[in-house]
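Chemist: Mind looking over this structure? Questions follow.
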Amino acid sequence: MSRYILPVSVFGTVFGCAVLLKDRMTGGRCPSKATINEKTVVITGANTGIGKETARELARRGGRIIMGCRDTEKCEAAAKEIRGKTLNPHVYARRLDLASMKSIREFAERIKQEEPHVDILINNAGVMRCPQWKTEDGFDMQFGVNHLGHFLLTNLLLDKLKESAPSRVINLASLAHIVGKLDFEDLNWEKKKFDTKQAYCQSKLANVLFTRELAKRLQGTGVTVNAVHPGVVATELGRHTGLHQSQFSSSLLSPFFSLLVKSPEHGAQPSVYLAVSEELEGVTGRYYDVMTEKEPAPQALDDEAACRLWEVSSRLVGLEHEGQPSVSNPSAEGQNKAAQTNPAQTLGQNVGAAVSTVGL
C-alpha cells in the first residue's frame, strides 16, 4: 500500500497546483454590475467562443447586440440562442467577412444606415497560426484579418462612435505580441519564408500598436480604445496549432490542458469588463492582461512604429484618399491611390511612402 503513497501525492500536488494556476489565469468574473440598456454593441466573430459569450453577457445586461460574422447561418443560430437565453430580443446577426474589404465596407455602411448610434465596438474576431492563406485582397490572412480588417472597420465606424460618445473600442490582443516584430519591408510575407507563428505574433503586436495610435488620434472626442489579452481560452482559435493531433497529446496532455485554460464564458469577462466597467470611463490607450492593466512589450510602446503602421495600413485598405482628417495624416492625402484597387501588390510602394511621410 505504501508504494502508492508517493505517486498519489505527486499527482495530488500537480493537480492542486494546476487548479490554483487555472484560478489565477482565469481572473474571475467582471466585477462591474453595470447594465447597458439602450446601448448598441458591435462584436466581430461573435458566433462562437469568446465573442459569443461576450455577446451573451452584454445582451443579458440589456444591450442591443450586432453580431458580425462570416458564416451568417451559424451567426443567426447563435443570435437566436442568445435571444432565447437572455430574453433580450435585440440581438442581431449580420454578415461580416474580415478577409474582404468589400464585405467590411458593406457591413459598416449597413451599421451606419440602420443604427442610430454605436456605443461599444469589440474587435474580437481573429485567426491563429493558419497556413499561408491570403485574404480576398491578397494580404497574409493573419495580418489581414487580425489587424487590417479591424483597422478598416474601426475607421469606418468612427464617426458613429464619436456621435455616440462617450463610447468605447476594445481590441482583443494577445500575450503573443511580446515576441512579435513588424517587418515593414515585408508585412505580407512575400520576400521571406513564411512562419505561421511569427505571422500571428506580428498581427497581435499590430493590434496593440493600433490601439496606442488610435487613442492618441481620438483624444478629446469622448471615444476610448483599449487592448486586452483575455488569457488562455479553450476556443476554436487554436485549431491550427496541432496541439491535439497526436495520440500522446490527446490522451495525456488534454486533461492537464483543460485544467489550465479558461472556458469561453470566463474568457469573455475581460472584454465585458472593458466594455461596461464604470472605473474605466475615460481610460484610453491602455493594455490589459485579463482585467489588470499592464505595460505591454517594449516594441508595443514604440510611437514611431505605431504611426508608421497607421500610415501603411491606411494606404493598404484605401482610406488615405477618402478624406478622414480627424484620424489620418492630412499631408499624405491623395498619395498612392492605387492601394484601394490592388493593395497587396503595392505593399512595398506603400511602405516606402509611409517611411517618407512619418520621417522614419
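Ordered as shown in the C-alpha cells, chains take letters A, B, and onward, while each chain numbers its residues from 1 and ligands are numbered from 1 in the order shown.
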Would you please give, as a PyMOL selection string, all residues of region 50-293 of chain A that DSSP assigns to strand (DSSP E) based on the backbone?

Modeler: chain A and resi 64-69+91-95+120-123+167-172+223-229+287-289+292-293

Chemist: Please indicate the distance in Å from CA of Met291 (chain A) to CA of Val228 (chain A), rounded to one decimal place.

Modeler: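 Distance reported for this atom pair: 8.0 Å.
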
Chemist: Let me make sure I understand: among A:Ile120, A:Val169, A:Phe143, A:Arg95, which one has the smallest atom-to-atom distance to Leu182 (chain A) if we use only C-alpha atoms?

Modeler: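 Of all the options, A:Phe143 lies closest to Leu182 (chain A).
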
Chemist: Find the residues around Thr284 (chain A) up to 9 Å (only C-alpha atoms counted), leave out those fewer than 4 positions away in its own chain, and share them as a ChimeraX atom specification.

Modeler: /A:168,211-212,215-216,219,223-226,280

Chemist: Residues as selected, N, CA and C atoms, written as a PDB file, in the first residue's frame, can you do that?

Modeler:
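Result file follows (result15.pdb):
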ATOM      1  N   ARG A 168     -16.778  53.317 -26.549  1.00  0.00           N
ATOM      2  CA  ARG A 168     -15.563  52.551 -26.300  1.00  0.00           C
ATOM      3  C   ARG A 168     -15.247  51.605 -27.463  1.00  0.00           C
ATOM      4  N   THR A 211      -4.011  50.203 -31.198  1.00  0.00           N
ATOM      5  CA  THR A 211      -4.729  50.739 -30.036  1.00  0.00           C
ATOM      6  C   THR A 211      -4.060  52.007 -29.529  1.00  0.00           C
ATOM      7  N   ARG A 212      -2.750  51.964 -29.430  1.00  0.00           N
ATOM      8  CA  ARG A 212      -1.985  53.108 -28.911  1.00  0.00           C
ATOM      9  C   ARG A 212      -2.133  54.332 -29.812  1.00  0.00           C
ATOM     10  N   ALA A 215      -5.802  55.752 -29.892  1.00  0.00           N
ATOM     11  CA  ALA A 215      -6.104  56.502 -28.667  1.00  0.00           C
ATOM     12  C   ALA A 215      -5.564  57.923 -28.758  1.00  0.00           C
ATOM     13  N   LYS A 216      -4.352  58.089 -29.303  1.00  0.00           N
ATOM     14  CA  LYS A 216      -3.767  59.420 -29.455  1.00  0.00           C
ATOM     15  C   LYS A 216      -4.598  60.275 -30.404  1.00  0.00           C
ATOM     16  N   GLN A 219      -8.055  61.639 -28.910  1.00  0.00           N
ATOM     17  CA  GLN A 219      -8.074  62.442 -27.690  1.00  0.00           C
ATOM     18  C   GLN A 219      -9.056  63.605 -27.826  1.00  0.00           C
ATOM     19  N   VAL A 223     -14.213  59.129 -27.287  1.00  0.00           N
ATOM     20  CA  VAL A 223     -14.098  57.720 -27.666  1.00  0.00           C
ATOM     21  C   VAL A 223     -12.806  57.174 -27.070  1.00  0.00           C
ATOM     22  N   THR A 224     -12.914  56.112 -26.290  1.00  0.00           N
ATOM     23  CA  THR A 224     -11.735  55.487 -25.712  1.00  0.00           C
ATOM     24  C   THR A 224     -11.454  54.167 -26.424  1.00  0.00           C
ATOM     25  N   VAL A 225     -10.195  53.752 -26.395  1.00  0.00           N
ATOM     26  CA  VAL A 225      -9.808  52.487 -27.029  1.00  0.00           C
ATOM     27  C   VAL A 225      -8.744  51.816 -26.182  1.00  0.00           C
ATOM     28  N   ASN A 226      -8.971  50.534 -25.888  1.00  0.00           N
ATOM     29  CA  ASN A 226      -8.020  49.766 -25.092  1.00  0.00           C
ATOM     30  C   ASN A 226      -7.867  48.364 -25.677  1.00  0.00           C
ATOM     31  N   LEU A 280     -13.458  52.476 -15.749  1.00  0.00           N
ATOM     32  CA  LEU A 280     -12.669  52.676 -16.962  1.00  0.00           C
ATOM     33  C   LEU A 280     -13.187  53.820 -17.826  1.00  0.00           C
TER      34      LEU A 280
END

Chemist: If we count only C-alpha atoms and set the cut-off at 9 Å, which residues sit around Ile36 (chain A), ignoring sequence neighbours fewer than 3 positions away in its own chain? Please answer as a PyMOL selection string.

Modeler: chain A and resi 39-40+58-59+61-64+276

Chemist: Store the residues picked out above in a file with N, CA and C atoms, as a PDB file, in the first residue's frame.

Modeler:
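Ended up saving to result_6.pdb:
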ATOM      1  N   LYS A  39     -27.880  50.862 -25.187  1.00  0.00           N
ATOM      2  CA  LYS A  39     -26.579  50.996 -25.836  1.00  0.00           C
ATOM      3  C   LYS A  39     -26.432  49.935 -26.916  1.00  0.00           C
ATOM      4  N   THR A  40     -25.798  50.314 -28.012  1.00  0.00           N
ATOM      5  CA  THR A  40     -25.585  49.397 -29.129  1.00  0.00           C
ATOM      6  C   THR A  40     -24.144  48.913 -29.131  1.00  0.00           C
ATOM      7  N   LEU A  58     -23.373  40.691 -22.611  1.00  0.00           N
ATOM      8  CA  LEU A  58     -23.799  42.069 -22.841  1.00  0.00           C
ATOM      9  C   LEU A  58     -25.276  42.137 -23.209  1.00  0.00           C
ATOM     10  N   ALA A  59     -25.798  41.092 -23.831  1.00  0.00           N
ATOM     11  CA  ALA A  59     -27.246  41.029 -24.080  1.00  0.00           C
ATOM     12  C   ALA A  59     -27.995  40.881 -22.759  1.00  0.00           C
ATOM     13  N   ARG A  61     -27.114  42.123 -20.075  1.00  0.00           N
ATOM     14  CA  ARG A  61     -27.050  43.422 -19.410  1.00  0.00           C
ATOM     15  C   ARG A  61     -27.884  44.487 -20.129  1.00  0.00           C
ATOM     16  N   GLY A  62     -28.636  44.072 -21.144  1.00  0.00           N
ATOM     17  CA  GLY A  62     -29.597  44.969 -21.773  1.00  0.00           C
ATOM     18  C   GLY A  62     -29.176  45.626 -23.061  1.00  0.00           C
ATOM     19  N   GLY A  63     -28.002  45.276 -23.586  1.00  0.00           N
ATOM     20  CA  GLY A  63     -27.516  45.930 -24.793  1.00  0.00           C
ATOM     21  C   GLY A  63     -28.216  45.484 -26.064  1.00  0.00           C
ATOM     22  N   ARG A  64     -28.157  46.322 -27.072  1.00  0.00           N
ATOM     23  CA  ARG A  64     -28.584  45.963 -28.424  1.00  0.00           C
ATOM     24  C   ARG A  64     -27.338  45.423 -29.117  1.00  0.00           C
ATOM     25  N   VAL A 276     -17.967  47.692 -19.991  1.00  0.00           N
ATOM     26  CA  VAL A 276     -19.006  48.238 -19.110  1.00  0.00           C
ATOM     27  C   VAL A 276     -18.499  48.869 -17.828  1.00  0.00           C
TER      28      VAL A 276
END

Chemist: Mind checking which residues fall within 8 Å of Cys69 (chain A), counting only C-alpha atoms, ignoring those fewer than 6 positions away in the same chain, and posting them as a PyMOL selection string?

Modeler: chain A and resi 44-47+75+93-97

Chemist: CA of His266 (chain A) and CA of Asn171 (chain A) are how many Å apart?

Modeler: 17.2 Å

Chemist: Please identify all polymer residues within 12 Å of Trp133 (chain A), counting only C-alpha atoms, omitting same-chain residues fewer than 6 positions from it, and present them as a list of chain:residue names.

Modeler: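 Here the qualifying residues turn out to be A:Ala99, A:Val127, A:Phe139, A:Asp140, A:Met141, A:Gln142, A:Phe143, A:Gly144, A:Val145, A:Asn188, A:Trp189, A:Glu190, A:Phe194, A:Asp195, A:Thr196, A:Ala199.
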
Chemist: Can you spit out the residues from that selection as a short mmCIF file (atom, residue, chain, number, x, y, z; two decimals), in the first residue's frame, using all heavy atoms?

Modeler:
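Printed below is again_20.cif as written:
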data_model
loop_
_atom_site.label_atom_id
_atom_site.label_comp_id
_atom_site.auth_asym_id
_atom_site.auth_seq_id
_atom_site.Cartn_x
_atom_site.Cartn_y
_atom_site.Cartn_z
N ALA A 99 -11.87 39.11 -44.01
CA ALA A 99 -10.87 38.84 -45.05
C ALA A 99 -11.26 39.48 -46.37
O ALA A 99 -10.63 39.22 -47.39
CB ALA A 99 -10.70 37.33 -45.23
N VAL A 127 -7.84 34.98 -36.45
CA VAL A 127 -7.34 33.68 -36.88
C VAL A 127 -5.96 33.50 -36.28
O VAL A 127 -5.24 34.48 -36.03
CB VAL A 127 -7.28 33.56 -38.42
CG1 VAL A 127 -8.66 33.52 -39.01
CG2 VAL A 127 -6.47 34.71 -39.03
N PHE A 139 -3.78 39.90 -48.94
CA PHE A 139 -2.95 40.07 -47.75
C PHE A 139 -2.73 38.73 -47.06
O PHE A 139 -3.55 37.82 -47.16
CB PHE A 139 -3.60 41.04 -46.77
CG PHE A 139 -3.86 42.40 -47.33
CD1 PHE A 139 -5.16 42.89 -47.42
CD2 PHE A 139 -2.83 43.20 -47.77
CE1 PHE A 139 -5.40 44.14 -47.95
CE2 PHE A 139 -3.06 44.45 -48.29
CZ PHE A 139 -4.36 44.93 -48.38
N ASP A 140 -1.64 38.63 -46.30
CA ASP A 140 -1.48 37.49 -45.41
C ASP A 140 -2.71 37.40 -44.51
O ASP A 140 -3.16 38.40 -43.95
CB ASP A 140 -0.22 37.67 -44.55
CG ASP A 140 -0.18 36.69 -43.39
OD1 ASP A 140 -0.13 35.47 -43.64
OD2 ASP A 140 -0.23 37.15 -42.23
N MET A 141 -3.28 36.20 -44.39
CA MET A 141 -4.56 36.04 -43.70
C MET A 141 -4.53 36.57 -42.27
O MET A 141 -5.47 37.25 -41.83
CB MET A 141 -4.96 34.57 -43.70
CG MET A 141 -6.33 34.30 -43.09
SD MET A 141 -7.70 35.05 -44.03
CE MET A 141 -7.70 34.01 -45.52
N GLN A 142 -3.47 36.28 -41.54
CA GLN A 142 -3.44 36.70 -40.14
C GLN A 142 -3.30 38.21 -39.99
O GLN A 142 -3.99 38.84 -39.19
CB GLN A 142 -2.32 35.95 -39.40
CG GLN A 142 -2.59 34.45 -39.34
CD GLN A 142 -1.54 33.70 -38.55
OE1 GLN A 142 -1.61 33.62 -37.32
NE2 GLN A 142 -0.56 33.14 -39.25
N PHE A 143 -2.42 38.81 -40.77
CA PHE A 143 -2.27 40.26 -40.74
C PHE A 143 -3.53 40.93 -41.29
O PHE A 143 -3.99 41.95 -40.77
CB PHE A 143 -1.04 40.68 -41.55
CG PHE A 143 -0.70 42.14 -41.44
CD1 PHE A 143 -0.20 42.66 -40.27
CD2 PHE A 143 -0.90 42.99 -42.52
CE1 PHE A 143 0.12 44.01 -40.16
CE2 PHE A 143 -0.59 44.34 -42.43
CZ PHE A 143 -0.08 44.86 -41.24
N GLY A 144 -4.10 40.35 -42.35
CA GLY A 144 -5.27 40.93 -42.99
C GLY A 144 -6.51 40.90 -42.12
O GLY A 144 -7.23 41.90 -42.01
N VAL A 145 -6.77 39.77 -41.47
CA VAL A 145 -7.97 39.64 -40.63
C VAL A 145 -7.75 40.29 -39.26
O VAL A 145 -8.55 41.11 -38.81
CB VAL A 145 -8.36 38.16 -40.46
CG1 VAL A 145 -9.44 38.00 -39.40
CG2 VAL A 145 -8.85 37.60 -41.79
N ASN A 188 3.63 41.31 -45.67
CA ASN A 188 2.76 40.35 -46.34
C ASN A 188 3.42 38.99 -46.57
O ASN A 188 2.86 38.14 -47.24
CB ASN A 188 2.29 40.92 -47.68
CG ASN A 188 0.93 40.42 -48.07
OD1 ASN A 188 0.07 40.19 -47.23
ND2 ASN A 188 0.72 40.24 -49.35
N TRP A 189 4.64 38.80 -46.03
CA TRP A 189 5.34 37.52 -46.13
C TRP A 189 5.52 37.08 -47.58
O TRP A 189 5.23 35.94 -47.97
CB TRP A 189 4.62 36.43 -45.34
CG TRP A 189 4.66 36.69 -43.86
CD1 TRP A 189 3.76 37.45 -43.15
CD2 TRP A 189 5.64 36.25 -42.93
NE1 TRP A 189 4.12 37.49 -41.82
CE2 TRP A 189 5.27 36.76 -41.66
CE3 TRP A 189 6.78 35.46 -43.05
CZ2 TRP A 189 6.03 36.52 -40.52
CZ3 TRP A 189 7.53 35.21 -41.90
CH2 TRP A 189 7.15 35.74 -40.65
N GLU A 190 6.03 37.99 -48.40
CA GLU A 190 6.28 37.68 -49.80
C GLU A 190 7.76 37.52 -50.12
O GLU A 190 8.14 36.90 -51.12
CB GLU A 190 5.69 38.77 -50.69
CG GLU A 190 4.17 38.85 -50.61
CD GLU A 190 3.61 40.05 -51.35
OE1 GLU A 190 4.33 41.06 -51.44
OE2 GLU A 190 2.47 39.98 -51.83
N PHE A 194 7.67 31.84 -44.99
CA PHE A 194 6.52 32.06 -44.13
C PHE A 194 6.67 31.30 -42.82
O PHE A 194 7.03 30.13 -42.78
CB PHE A 194 5.24 31.60 -44.84
CG PHE A 194 3.99 31.81 -44.03
CD1 PHE A 194 3.49 33.08 -43.82
CD2 PHE A 194 3.31 30.73 -43.48
CE1 PHE A 194 2.34 33.29 -43.08
CE2 PHE A 194 2.16 30.92 -42.73
CZ PHE A 194 1.67 32.20 -42.53
N ASP A 195 6.39 31.99 -41.73
CA ASP A 195 6.41 31.41 -40.39
C ASP A 195 5.06 31.72 -39.75
O ASP A 195 4.79 32.86 -39.38
CB ASP A 195 7.55 32.02 -39.57
CG ASP A 195 7.70 31.39 -38.19
OD1 ASP A 195 6.67 31.04 -37.58
OD2 ASP A 195 8.84 31.27 -37.71
N THR A 196 4.21 30.70 -39.64
CA THR A 196 2.84 30.94 -39.18
C THR A 196 2.78 31.49 -37.76
O THR A 196 1.91 32.30 -37.43
CB THR A 196 2.00 29.65 -39.29
OG1 THR A 196 0.65 29.93 -38.93
CG2 THR A 196 2.53 28.55 -38.38
N ALA A 199 3.87 35.15 -37.97
CA ALA A 199 2.82 35.92 -38.63
C ALA A 199 1.72 36.28 -37.64
O ALA A 199 1.18 37.39 -37.65
CB ALA A 199 2.25 35.13 -39.81
#

Chemist: Can you tell me, as number ranges by chain, which residues in region 86-157 of chain A count as helix (DSSP H, G or I) by DSSP?

Modeler: A: 86, 101-114, 141-156

Chemist: Restricting the output to N, CA, C and O atoms, write the selected residues as a CSV table (one decimal), in the first residue's frame.

Modeler:
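Full text of result_13.csv as output:
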chain,number,residue,atom,x,y,z
A,86,THR,N,-31.3,34.9,-22.9
A,86,THR,CA,-31.3,36.2,-22.2
A,86,THR,C,-32.6,36.9,-22.2
A,86,THR,O,-32.8,37.9,-21.5
A,101,MET,N,-12.3,43.4,-47.9
A,101,MET,CA,-12.5,44.8,-47.6
A,101,MET,C,-13.9,45.2,-48.2
A,101,MET,O,-14.6,46.1,-47.6
A,102,LYS,N,-14.4,44.5,-49.2
A,102,LYS,CA,-15.7,44.8,-49.7
A,102,LYS,C,-16.8,44.5,-48.7
A,102,LYS,O,-17.7,45.2,-48.5
A,103,SER,N,-16.6,43.3,-48.1
A,103,SER,CA,-17.6,42.9,-47.0
A,103,SER,C,-17.6,43.8,-45.8
A,103,SER,O,-18.6,44.2,-45.3
A,104,ILE,N,-16.4,44.3,-45.4
A,104,ILE,CA,-16.2,45.2,-44.3
A,104,ILE,C,-17.0,46.5,-44.6
A,104,ILE,O,-17.7,47.0,-43.8
A,105,ARG,N,-16.8,47.0,-45.8
A,105,ARG,CA,-17.4,48.3,-46.2
A,105,ARG,C,-18.9,48.1,-46.2
A,105,ARG,O,-19.7,49.0,-45.8
A,106,GLU,N,-19.4,47.0,-46.7
A,106,GLU,CA,-20.8,46.8,-46.8
A,106,GLU,C,-21.4,46.7,-45.4
A,106,GLU,O,-22.5,47.2,-45.1
A,107,PHE,N,-20.7,46.0,-44.5
A,107,PHE,CA,-21.2,45.8,-43.1
A,107,PHE,C,-21.2,47.2,-42.4
A,107,PHE,O,-22.2,47.5,-41.8
A,108,ALA,N,-20.2,47.9,-42.6
A,108,ALA,CA,-20.1,49.2,-41.9
A,108,ALA,C,-21.2,50.2,-42.4
A,108,ALA,O,-21.8,50.9,-41.7
A,109,GLU,N,-21.4,50.1,-43.7
A,109,GLU,CA,-22.4,51.0,-44.3
A,109,GLU,C,-23.8,50.6,-43.8
A,109,GLU,O,-24.6,51.5,-43.5
A,110,ARG,N,-24.1,49.3,-43.6
A,110,ARG,CA,-25.4,48.9,-43.1
A,110,ARG,C,-25.5,49.4,-41.7
A,110,ARG,O,-26.6,49.8,-41.3
A,111,ILE,N,-24.4,49.3,-40.9
A,111,ILE,CA,-24.5,49.7,-39.5
A,111,ILE,C,-24.8,51.2,-39.4
A,111,ILE,O,-25.6,51.7,-38.7
A,112,LYS,N,-24.1,52.0,-40.3
A,112,LYS,CA,-24.3,53.5,-40.3
A,112,LYS,C,-25.7,53.8,-40.7
A,112,LYS,O,-26.3,54.8,-40.2
A,113,GLN,N,-26.3,53.1,-41.6
A,113,GLN,CA,-27.7,53.4,-42.0
A,113,GLN,C,-28.7,52.9,-41.1
A,113,GLN,O,-29.8,53.6,-40.9
A,114,GLU,N,-28.5,51.8,-40.4
A,114,GLU,CA,-29.6,51.2,-39.6
A,114,GLU,C,-29.5,51.6,-38.1
A,114,GLU,O,-30.5,51.6,-37.4
A,141,MET,N,-3.3,36.2,-44.4
A,141,MET,CA,-4.6,36.0,-43.7
A,141,MET,C,-4.5,36.6,-42.3
A,141,MET,O,-5.5,37.3,-41.8
A,142,GLN,N,-3.5,36.3,-41.5
A,142,GLN,CA,-3.4,36.7,-40.1
A,142,GLN,C,-3.3,38.2,-40.0
A,142,GLN,O,-4.0,38.8,-39.2
A,143,PHE,N,-2.4,38.8,-40.8
A,143,PHE,CA,-2.3,40.3,-40.7
A,143,PHE,C,-3.5,40.9,-41.3
A,143,PHE,O,-4.0,41.9,-40.8
A,144,GLY,N,-4.1,40.3,-42.3
A,144,GLY,CA,-5.3,40.9,-43.0
A,144,GLY,C,-6.5,40.9,-42.1
A,144,GLY,O,-7.2,41.9,-42.0
A,145,VAL,N,-6.8,39.8,-41.5
A,145,VAL,CA,-8.0,39.6,-40.6
A,145,VAL,C,-7.8,40.3,-39.3
A,145,VAL,O,-8.5,41.1,-38.8
A,146,ASN,N,-6.7,39.9,-38.6
A,146,ASN,CA,-6.5,40.3,-37.2
A,146,ASN,C,-6.2,41.8,-37.1
A,146,ASN,O,-6.6,42.5,-36.1
A,147,HIS,N,-5.5,42.4,-38.1
A,147,HIS,CA,-5.2,43.8,-38.0
A,147,HIS,C,-5.9,44.7,-39.0
A,147,HIS,O,-6.7,45.5,-38.7
A,148,LEU,N,-5.6,44.4,-40.3
A,148,LEU,CA,-6.2,45.3,-41.3
A,148,LEU,C,-7.7,45.3,-41.4
A,148,LEU,O,-8.3,46.4,-41.6
A,149,GLY,N,-8.3,44.2,-41.2
A,149,GLY,CA,-9.8,44.1,-41.2
A,149,GLY,C,-10.4,45.0,-40.1
A,149,GLY,O,-11.3,45.7,-40.4
A,150,HIS,N,-9.9,44.8,-38.9
A,150,HIS,CA,-10.4,45.6,-37.8
A,150,HIS,C,-10.0,47.1,-37.9
A,150,HIS,O,-10.7,48.0,-37.5
A,151,PHE,N,-8.8,47.3,-38.5
A,151,PHE,CA,-8.4,48.7,-38.7
A,151,PHE,C,-9.4,49.4,-39.6
A,151,PHE,O,-9.8,50.6,-39.3
A,152,LEU,N,-9.8,48.8,-40.7
A,152,LEU,CA,-10.7,49.4,-41.6
A,152,LEU,C,-12.1,49.6,-41.0
A,152,LEU,O,-12.7,50.6,-41.1
A,153,LEU,N,-12.6,48.5,-40.4
A,153,LEU,CA,-13.9,48.6,-39.7
A,153,LEU,C,-14.0,49.7,-38.7
A,153,LEU,O,-14.9,50.5,-38.7
A,154,THR,N,-13.0,49.8,-37.8
A,154,THR,CA,-13.0,50.8,-36.8
A,154,THR,C,-13.0,52.2,-37.4
A,154,THR,O,-13.8,53.0,-37.0
A,155,ASN,N,-12.2,52.4,-38.4
A,155,ASN,CA,-12.2,53.7,-39.0
A,155,ASN,C,-13.5,54.1,-39.7
A,155,ASN,O,-13.9,55.2,-39.6
A,156,LEU,N,-14.1,53.1,-40.3
A,156,LEU,CA,-15.4,53.4,-41.0
A,156,LEU,C,-16.5,53.7,-40.0
A,156,LEU,O,-17.5,54.3,-40.3

Chemist: Interatomic distance between CA of Cys130 (chain A) and CA of Gly180 (chain A)?

Modeler: 16.2 Å
